[in-house]
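Enquirer: What follows is a single structure, and I will ask about it in a moment.
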Amino acid sequence: MERNSIRRVYVWQLPVRFYHWLNALTVTTSVITGYLIGKPLAIQLGREASFGYWFGTVRFIHFLAAFVFFFNFLFRIYWGFAGNRYADWKNFIPTRRKQWKEVGQILKVDVLQAEGKPIESVGHNSLAGLTYFLTFLAFLFQSVTGFGMYSAMSNAWLPRLFAWIVPLMGGDFAVRQWHHMMMWFFIIFSMVHVYLVFYHDYVEGRGILSSMAGGWKFIEKEVQPKAE
C-alpha cells in the first residue's frame with residue numbers, strides 16, 4: 001500500500017500577505033466608518049459644541065482608509081504580474097476549460113455538499129480565483145464612486161480624476177446610494193470568506209489559515225513504502 005506524507009510549499013509571498021492584512025484592516029475600517037456616515041449616531045457631549053468634532057474624525061478616518069485601500073489595491077494589481085505563480089493574475093480569470101470544470105466541481109463540494117472529497121489546490125482554486133476577480137471589480141467600483149463623491153470637496157489631483165463619475169451616474173445622491181449598497185457586498189463577502197477559510201482549514205488540514213501569516217501550506221505527497 002501507498003502512504004501519504006506532508007511537504008511544505010511556500011505559496012503566499014510576503015507582499016501578498018501584507019496586501020491581504022492591510023486590505024482586511026482598511027475594508028473593516030471603511031465599513032464601520034461608512035456605516036456611521038450613512039447613519040450617524042446622536043452622541044451627546046457635555047461640552048462646547050466646537051470641541052465635539054467626532055463626526056469629522058469619522059469622516060477623516062474613512063477618507064484615510066480609502067486612500068490606503070486604493071493604493072494597496074493598485075499594488076496588488078502590479079504584484080499579479082511581478083509575483084510568483086500563485087499570485088499571478090491568470091489564477092483569477094478562468095480562461096481555460098479546465099478552470100471552469102474545477103469551478104463546477106468545487107460548487108458541488110463546498111456549496112451543494114453533493115460530493116465529499118475536497119478539491120485540493122495549492123494556491124487559489126478556480127472558484128476562489130473567480131470570486132476574487134469579481135471582488136476586485138467591486139474594489140474598483142467602490143474606489144471610483146468614493147473618489148467621485150470626494151472630488152466635490154477636494155482639490156487634490158486623485159479625487160478630481162473621478163469627478164466625471166457623479167454626473168455620469170445621475171448625481172450625488174445616486175452615487176451615494178450605490179456606494180452604500182456596495183458596502184453590504186463587502187460585509188457579506190467577508191462573512192463567507194472567513195467561514196470558508198475555517199471550513200477548508202478544518203476539512204483539508206493543510207494550514208490554510210496559518211498560510212496567510214507565514215506563507216507556507218502543507219501538501220500531501222504519495223510515498224512508496226519501504227520493502228519489508
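Residues in the C-alpha cells are named by chain (A, B, ... in the order shown) and by number from 1 within that chain; ligands are numbered from 1 in the order shown.
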Neighbours of segment 203-213 of chain A within 7 Å (only C-alpha atoms; same-chain residues fewer than 6 positions away dropped), as a VMD selection string?
Expert: chain A and resid 12 17 197 219
Enquirer: I need the residues from that last selection saved to file as a CSV table (one decimal), in the first residue's frame (with N, CA and C atoms), if you can.
Expert:
```csv
chain,number,residue,atom,x,y,z
A,12,TRP,N,2.3,31.9,-0.4
A,12,TRP,CA,2.0,33.3,-0.4
A,12,TRP,C,3.2,34.1,0.1
A,17,ARG,N,0.8,38.6,1.5
A,17,ARG,CA,0.3,38.6,2.9
A,17,ARG,C,0.2,40.0,3.4
A,197,VAL,N,-12.6,29.9,4.9
A,197,VAL,CA,-11.3,29.7,5.4
A,197,VAL,C,-11.2,28.7,6.5
A,219,ILE,N,1.1,20.2,1.9
A,219,ILE,CA,0.6,19.4,0.8
A,219,ILE,C,0.9,18.0,0.9
```
Enquirer: Please give the complete set of residues from chain A that DSSP, run on the backbone, assigns to strand (DSSP E), formatted as a ChimeraX atom specification.
Expert: /A:3-10,216-223
Enquirer: From a backbone DSSP assignment, name each residue in segment 6-131 of chain A labelled helix (DSSP H, G or I), as a PyMOL selection string.
Expert: chain A and resi 14-38+49-51+54-82+89-91+97-111+126-131
Enquirer: Keeping only C-alpha atoms, write those residues as a JSON list (two decimals), in the first residue's frame.
Expert:
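After the write, out25.json holds the following:
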```json
[["chain", "number", "residue", "atom", "x", "y", "z"],
["A", 14, "LEU", "CA", 5.33, 38.48, 1.88],
["A", 15, "PRO", "CA", 3.85, 41.21, -0.41],
["A", 16, "VAL", "CA", 0.68, 39.11, -0.87],
["A", 17, "ARG", "CA", 0.33, 38.57, 2.87],
["A", 18, "PHE", "CA", 0.98, 42.25, 3.56],
["A", 19, "TYR", "CA", -1.67, 43.20, 0.98],
["A", 20, "HIS", "CA", -4.18, 40.77, 2.46],
["A", 21, "TRP", "CA", -3.97, 42.00, 6.05],
["A", 22, "LEU", "CA", -3.75, 45.68, 5.14],
["A", 23, "ASN", "CA", -6.77, 45.19, 2.87],
["A", 24, "ALA", "CA", -8.68, 43.48, 5.69],
["A", 25, "LEU", "CA", -7.87, 46.40, 8.00],
["A", 26, "THR", "CA", -8.86, 49.12, 5.54],
["A", 27, "VAL", "CA", -12.06, 47.36, 4.47],
["A", 28, "THR", "CA", -13.12, 46.85, 8.09],
["A", 29, "THR", "CA", -12.34, 50.48, 8.92],
["A", 30, "SER", "CA", -14.14, 51.75, 5.82],
["A", 31, "VAL", "CA", -17.24, 49.65, 6.51],
["A", 32, "ILE", "CA", -17.54, 50.79, 10.13],
["A", 33, "THR", "CA", -16.95, 54.48, 9.37],
["A", 34, "GLY", "CA", -19.05, 54.31, 6.20],
["A", 35, "TYR", "CA", -22.00, 52.91, 8.14],
["A", 36, "LEU", "CA", -21.65, 55.71, 10.70],
["A", 37, "ILE", "CA", -21.54, 58.29, 7.91],
["A", 38, "GLY", "CA", -24.73, 56.85, 6.42],
["A", 49, "ALA", "CA", -20.05, 72.16, 20.53],
["A", 50, "SER", "CA", -16.89, 73.41, 18.79],
["A", 51, "PHE", "CA", -14.92, 70.67, 20.59],
["A", 54, "TRP", "CA", -16.33, 63.30, 16.42],
["A", 55, "PHE", "CA", -18.21, 63.04, 13.12],
["A", 56, "GLY", "CA", -15.47, 64.97, 11.31],
["A", 57, "THR", "CA", -12.98, 62.50, 12.78],
["A", 58, "VAL", "CA", -15.07, 59.60, 11.47],
["A", 59, "ARG", "CA", -15.07, 61.11, 8.01],
["A", 60, "PHE", "CA", -11.32, 61.72, 8.12],
["A", 61, "ILE", "CA", -10.65, 58.10, 9.11],
["A", 62, "HIS", "CA", -12.94, 56.94, 6.29],
["A", 63, "PHE", "CA", -11.11, 59.06, 3.70],
["A", 64, "LEU", "CA", -7.70, 57.97, 5.01],
["A", 65, "ALA", "CA", -8.68, 54.29, 4.87],
["A", 66, "ALA", "CA", -9.97, 54.83, 1.32],
["A", 67, "PHE", "CA", -6.64, 56.23, 0.12],
["A", 68, "VAL", "CA", -4.67, 53.38, 1.72],
["A", 69, "PHE", "CA", -7.15, 50.85, 0.33],
["A", 70, "PHE", "CA", -6.84, 52.27, -3.20],
["A", 71, "PHE", "CA", -3.04, 52.30, -3.36],
["A", 72, "ASN", "CA", -2.87, 48.87, -1.75],
["A", 73, "PHE", "CA", -5.24, 47.64, -4.46],
["A", 74, "LEU", "CA", -3.02, 49.13, -7.19],
["A", 75, "PHE", "CA", -0.04, 47.36, -5.65],
["A", 76, "ARG", "CA", -1.88, 44.00, -5.78],
["A", 77, "ILE", "CA", -2.59, 44.52, -9.47],
["A", 78, "TYR", "CA", 1.12, 45.12, -10.03],
["A", 79, "TRP", "CA", 2.04, 42.04, -7.98],
["A", 80, "GLY", "CA", -0.26, 39.97, -10.18],
["A", 81, "PHE", "CA", 2.41, 40.42, -12.86],
["A", 82, "ALA", "CA", 5.54, 40.51, -10.66],
["A", 89, "TRP", "CA", -3.41, 37.33, -12.42],
["A", 90, "LYS", "CA", -4.17, 34.28, -14.60],
["A", 91, "ASN", "CA", -5.39, 32.49, -11.47],
["A", 97, "ARG", "CA", -11.97, 24.82, -19.90],
["A", 98, "LYS", "CA", -10.14, 23.01, -17.09],
["A", 99, "GLN", "CA", -10.66, 26.01, -14.79],
["A", 100, "TRP", "CA", -14.40, 26.20, -15.47],
["A", 101, "LYS", "CA", -14.68, 22.46, -14.84],
["A", 102, "GLU", "CA", -12.99, 22.94, -11.47],
["A", 103, "VAL", "CA", -15.45, 25.75, -10.65],
["A", 104, "GLY", "CA", -18.33, 23.29, -11.13],
["A", 105, "GLN", "CA", -16.61, 20.62, -9.04],
["A", 106, "ILE", "CA", -15.95, 23.00, -6.15],
["A", 107, "LEU", "CA", -19.56, 24.20, -6.22],
["A", 108, "LYS", "CA", -20.66, 20.58, -5.79],
["A", 109, "VAL", "CA", -18.30, 20.02, -2.85],
["A", 110, "ASP", "CA", -18.34, 23.33, -0.96],
["A", 111, "VAL", "CA", -21.79, 24.75, -1.72],
["A", 126, "SER", "CA", -10.66, 28.28, -9.74],
["A", 127, "LEU", "CA", -13.85, 29.27, -7.90],
["A", 128, "ALA", "CA", -11.92, 31.29, -5.33],
["A", 129, "GLY", "CA", -9.93, 32.98, -8.07],
["A", 130, "LEU", "CA", -13.09, 33.91, -9.97],
["A", 131, "THR", "CA", -14.69, 35.20, -6.77]]
```
Enquirer: Show which residues sit within 12 Å of Gly171 of chain A, as JSON, numbers by chain. Count only C-alpha atoms, and ignore same-chain residues fewer than 5 positions away.
Expert: {"A": [145, 148, 149, 152, 163, 164, 165, 166, 176, 177, 178]}
Enquirer: Looking at A:Phe133, A:Tyr202, A:Gly123, A:Pro159, which one is nearest to Ile93 of chain A, with distances taken over only C-alpha atoms?
Expert: A:Phe133
Enquirer: Within 9 Å of Val122 of chain A, counting only C-alpha atoms, which residues show up once you throw out same-chain ones fewer than 6 positions away? Write them as a list in words, please.
Expert: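 Skipping anything fewer than 6 positions along the chain leaves Val9, Val11, Tyr86, Lys217, Phe218 and Ile219 of chain A.
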Enquirer: Using only C-alpha atoms, which of the listed residues (A:Phe173, A:Trp216, A:Tyr132, A:Trp157) sits closest to His193 of chain A?
Expert: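 Using only C-alpha atoms, the shortest distance to His193 of chain A belongs to A:Tyr132.
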Enquirer: Report the distance between atom CA of Gln13 of chain A and atom CA of Asn84 of chain A in Å, rounded to one decimal place.
Expert: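 Atom CA of Gln13 of chain A sits 7.7 Å away from atom CA of Asn84 of chain A.
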